[in-house]
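Shown next: input09.tsv, containing TSV, C-alpha atoms.
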chain	number	residue	atom	x	y	z
J	1	MET	CA	-87.57	-43.63	48.48
J	2	LYS	CA	-87.70	-41.04	51.23
J	3	TYR	CA	-89.09	-37.58	51.84
J	4	CYS	CA	-87.20	-34.37	51.19
J	5	GLY	CA	-85.34	-33.01	54.25
J	6	GLU	CA	-86.99	-29.59	53.98
J	7	GLN	CA	-89.58	-29.09	56.70
J	8	GLY	CA	-93.10	-29.48	55.31
J	9	CYS	CA	-92.03	-30.77	51.87
J	10	LYS	CA	-93.80	-33.96	50.81
J	11	SER	CA	-91.67	-34.69	47.73
J	12	LEU	CA	-90.20	-38.19	47.49
J	13	ILE	CA	-86.53	-38.51	46.53
J	14	SER	CA	-84.39	-41.54	45.73
J	15	SER	CA	-80.99	-40.15	46.75
J	16	GLY	CA	-79.54	-37.19	48.58
J	17	ARG	CA	-81.21	-35.14	51.27
J	18	TYR	CA	-83.32	-32.57	49.41
J	19	CYS	CA	-85.56	-32.52	46.35
J	20	ALA	CA	-84.70	-30.39	43.30
J	21	ASP	CA	-86.74	-27.46	44.67
J	22	HIS	CA	-84.86	-27.34	47.99
J	23	LYS	CA	-81.36	-28.47	46.99
J	24	ARG	CA	-78.70	-26.27	48.63
J	25	LYS	CA	-76.48	-24.19	46.40
J	26	ARG	CA	-72.71	-24.35	46.91
J	27	LYS	CA	-70.75	-21.15	47.41
J	28	GLU	CA	-67.96	-20.67	44.93
J	29	LYS	CA	-64.47	-20.01	46.26
J	30	VAL	CA	-62.85	-16.88	44.91
J	31	VAL	CA	-59.48	-18.15	43.75
J	32	TYR	CA	-58.28	-16.78	40.45
J	33	SER	CA	-57.89	-19.63	37.97
J	34	LYS	CA	-54.44	-18.57	36.80
J	35	ASN	CA	-53.12	-18.75	40.41
J	36	LYS	CA	-55.03	-21.86	41.51
J	37	SER	CA	-52.35	-24.33	40.40
J	38	PHE	CA	-49.63	-22.32	42.21
J	39	TYR	CA	-51.51	-22.28	45.51
J	40	ARG	CA	-51.89	-26.07	45.40
J	41	THR	CA	-48.15	-26.79	45.06
J	42	GLN	CA	-46.20	-28.34	47.91
J	43	ALA	CA	-43.66	-25.48	47.77
J	44	TRP	CA	-46.43	-22.94	48.52
J	45	LYS	CA	-47.89	-25.07	51.32
J	46	ASP	CA	-44.45	-25.45	52.94
J	47	LEU	CA	-43.73	-21.73	52.64
J	48	ARG	CA	-47.14	-20.83	54.05
J	49	SER	CA	-46.62	-23.05	57.10
J	50	PHE	CA	-43.11	-21.57	57.58
J	51	VAL	CA	-44.52	-18.02	57.52
J	52	TYR	CA	-47.29	-19.05	59.92
J	53	GLU	CA	-44.70	-20.34	62.40
J	54	ARG	CA	-42.44	-17.32	61.84
J	55	ASP	CA	-45.31	-14.93	62.63
J	56	LYS	CA	-46.36	-17.16	65.56
J	57	GLY	CA	-49.87	-17.49	64.14
J	58	CYS	CA	-50.66	-13.80	64.66
J	59	CYS	CA	-52.15	-11.31	62.24
J	60	GLN	CA	-49.46	-8.78	61.33
J	61	ARG	CA	-51.98	-5.93	61.22
J	62	CYS	CA	-54.10	-6.33	64.35
J	63	GLY	CA	-52.09	-8.92	66.36
J	64	LYS	CA	-54.98	-11.38	66.73
J	65	PHE	CA	-54.12	-15.09	66.93
J	66	VAL	CA	-55.48	-16.90	63.87
J	67	PHE	CA	-55.54	-20.52	62.78
J	68	GLY	CA	-57.10	-22.76	60.16
J	69	LYS	CA	-59.10	-21.02	57.45
J	70	GLN	CA	-58.93	-17.74	59.36
J	71	ALA	CA	-55.16	-17.45	58.65
J	72	HIS	CA	-54.55	-15.82	55.28
J	73	ALA	CA	-51.13	-15.53	53.65
J	74	HIS	CA	-50.75	-12.20	51.82
J	75	HIS	CA	-48.14	-11.26	49.22
J	76	ILE	CA	-46.82	-7.79	50.10
J	77	VAL	CA	-45.68	-7.19	46.51
J	78	PRO	CA	-48.32	-8.84	44.30
J	79	VAL	CA	-47.34	-11.84	42.17
J	80	GLN	CA	-48.53	-9.92	39.08
J	81	ILE	CA	-45.96	-7.20	39.73
J	82	LYS	CA	-42.97	-9.40	40.61
J	83	PRO	CA	-43.46	-13.11	39.94
J	84	SER	CA	-39.93	-13.83	41.19
J	85	LEU	CA	-41.03	-12.96	44.76
J	86	LYS	CA	-43.98	-15.37	44.93
J	87	LEU	CA	-41.97	-17.94	46.95
J	88	ASP	CA	-39.97	-15.39	48.99
J	89	ALA	CA	-40.77	-15.62	52.71
J	90	ASP	CA	-39.97	-11.92	53.21
J	91	ASN	CA	-42.73	-11.04	50.73
J	92	ILE	CA	-45.47	-12.90	52.64
J	93	MET	CA	-47.27	-11.93	55.82
J	94	MET	CA	-50.02	-13.59	57.86
J	95	LEU	CA	-53.32	-11.77	58.20
J	96	CYS	CA	-56.67	-12.57	59.77
J	97	ASN	CA	-59.78	-12.86	57.62
J	98	LYS	CA	-60.93	-9.37	58.71
J	99	CYS	CA	-57.66	-7.54	57.92
J	100	HIS	CA	-56.84	-9.31	54.65
J	101	PRO	CA	-59.44	-7.46	52.49
J	102	ILE	CA	-58.32	-4.13	53.99
J	103	VAL	CA	-54.64	-4.75	53.27
J	104	GLU	CA	-55.51	-6.18	49.84
J	105	GLU	CA	-57.37	-2.97	48.98
J	106	GLU	CA	-54.40	-0.86	50.11
J	107	THR	CA	-52.07	-3.00	47.99
J	108	MET	CA	-54.29	-2.65	44.93
J	109	GLU	CA	-54.42	1.14	45.36
J	110	LYS	CA	-50.63	1.28	45.67
J	111	TYR	CA	-49.69	-0.93	42.71
J	112	PHE	CA	-52.72	-0.49	40.46
J	113	PRO	CA	-53.87	3.14	40.86
J	114	GLN	CA	-57.12	3.91	39.11
J	115	LYS	CA	-58.19	7.26	37.80
J	116	LYS	CA	-61.09	8.78	39.64
J	117	LYS	CA	-64.26	8.75	37.60
J	118	TYR	CA	-65.33	12.21	38.76
J	119	ASP	CA	-63.30	15.24	39.67
J	120	TRP	CA	-65.53	17.05	42.14
J	121	LYS	CA	-64.39	20.66	42.19
J	122	LEU	CA	-66.69	22.95	44.07
What would the structure in this file look like if it were written as structure tokens?
Amino acid sequence: MKYCGEQGCKSLISSGRYCADHKRKRKEKVVYSKNKSFYRTQAWKDLRSFVYERDKGCCQRCGKFVFGKQAHAHHIVPVQIKPSLKLDADNIMMLCNKCHPIVEEETMEKYFPQKKKYDWKL
């Protein structure tokens, strides 16, 4: 038995680092379940590394050098629109973690336009 790792907590625990009151919550990764199996395939991993080398590890929007988890592979034409292009190297570009949400939003507006809720005419 040992004490909880939280400062000032006097609870005794048998395993782990924290008691039930102070246990850390895990952040969930946002990967859509229908695409999760595709992004774990060896073909995708090989293509992603090829695109990373082709783009010399630089973000194609801002030019910043990225590596590791900061390097995001983005489908130019979404897989939902054209599934045949999901393993096409010309359809994938490297982006940094800052630019990827911006480009993703632009892509969604282009391929999935939504009607405006309000038409503000003054």
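Interatomic distance, CA of Gly8 in chain J to CA of Lys25 in chain J: 19.6 Å.
Straight-line separation from CA of Met1 in chain J to CA of Ala20 in chain J: 14.5 Å.
Distances to Gly63 in chain J were evaluated for J:Leu47, J:Ser84, J:Met93, J:Thr41 using all atoms listed in the file, and the minimum falls at J:Met93.
Here CA of Lys69 in chain J and CA of Thr107 in chain J stand 21.5 Å from one another.
When all atoms listed in the file are used to compute distances to Lys110 in chain J, the closest of the residues J:Val51, J:Cys96, J:Leu85, J:Ile76 turns out to be J:Ile76.
The list of residues with at least one atom within 12 Å of His75 in chain J, based on only C-alpha atoms and without residues fewer than 4 positions apart in the same chain, reads Trp44, Leu47, Arg48, Val51, Val79, Gln80, Ile81, Lys82, Pro83, Ser84, Leu85, Lys86, Leu87, Asp88, Ala89, Asp90, Asn91, Ile92, Met93, Met94, Leu95, His100, Val103, Glu104, Thr107 and Met108 of chain J.
You can rank J:Glu106, J:Asn97, J:His74, J:Gln114 by their closest distance to Tyr39 in chain J using all atoms listed in the file, and at the top of that list sits J:His74.
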Inset, instruction - Have a look at J:Lys98, J:Glu6, J:Cys58, J:Lys36 and name the one nearest to Arg24 in chain J; count only C-alpha atoms. - result: J:Glu6
Inset, instruction - Counting only C-alpha atoms, note down every residue that has an atom within 12 Å of the point (-57.8, -19.6, 65.2) (file coordinates), as an NGL selection string. - result: :J and (52 or 56-59 or 64-72 or 95-97)
Legend entry - Spatial neighbours of His22 in chain J, 12 Å, only C-alpha atoms, chain gap at least 5 places, as a PyMOL selection string: chain J and resi 3-11+13+16-17
Since we have the selection now, will you write its residues out, keeping C-alpha atoms, as a CSV table (one decimal), in the frame of the given file?
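Wrote it out as selection23.csv, contents follow:
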chain,number,residue,atom,x,y,z
J,3,TYR,CA,-89.1,-37.6,51.8
J,4,CYS,CA,-87.2,-34.4,51.2
J,5,GLY,CA,-85.3,-33.0,54.2
J,6,GLU,CA,-87.0,-29.6,54.0
J,7,GLN,CA,-89.6,-29.1,56.7
J,8,GLY,CA,-93.1,-29.5,55.3
J,9,CYS,CA,-92.0,-30.8,51.9
J,10,LYS,CA,-93.8,-34.0,50.8
J,11,SER,CA,-91.7,-34.7,47.7
J,13,ILE,CA,-86.5,-38.5,46.5
J,16,GLY,CA,-79.5,-37.2,48.6
J,17,ARG,CA,-81.2,-35.1,51.3
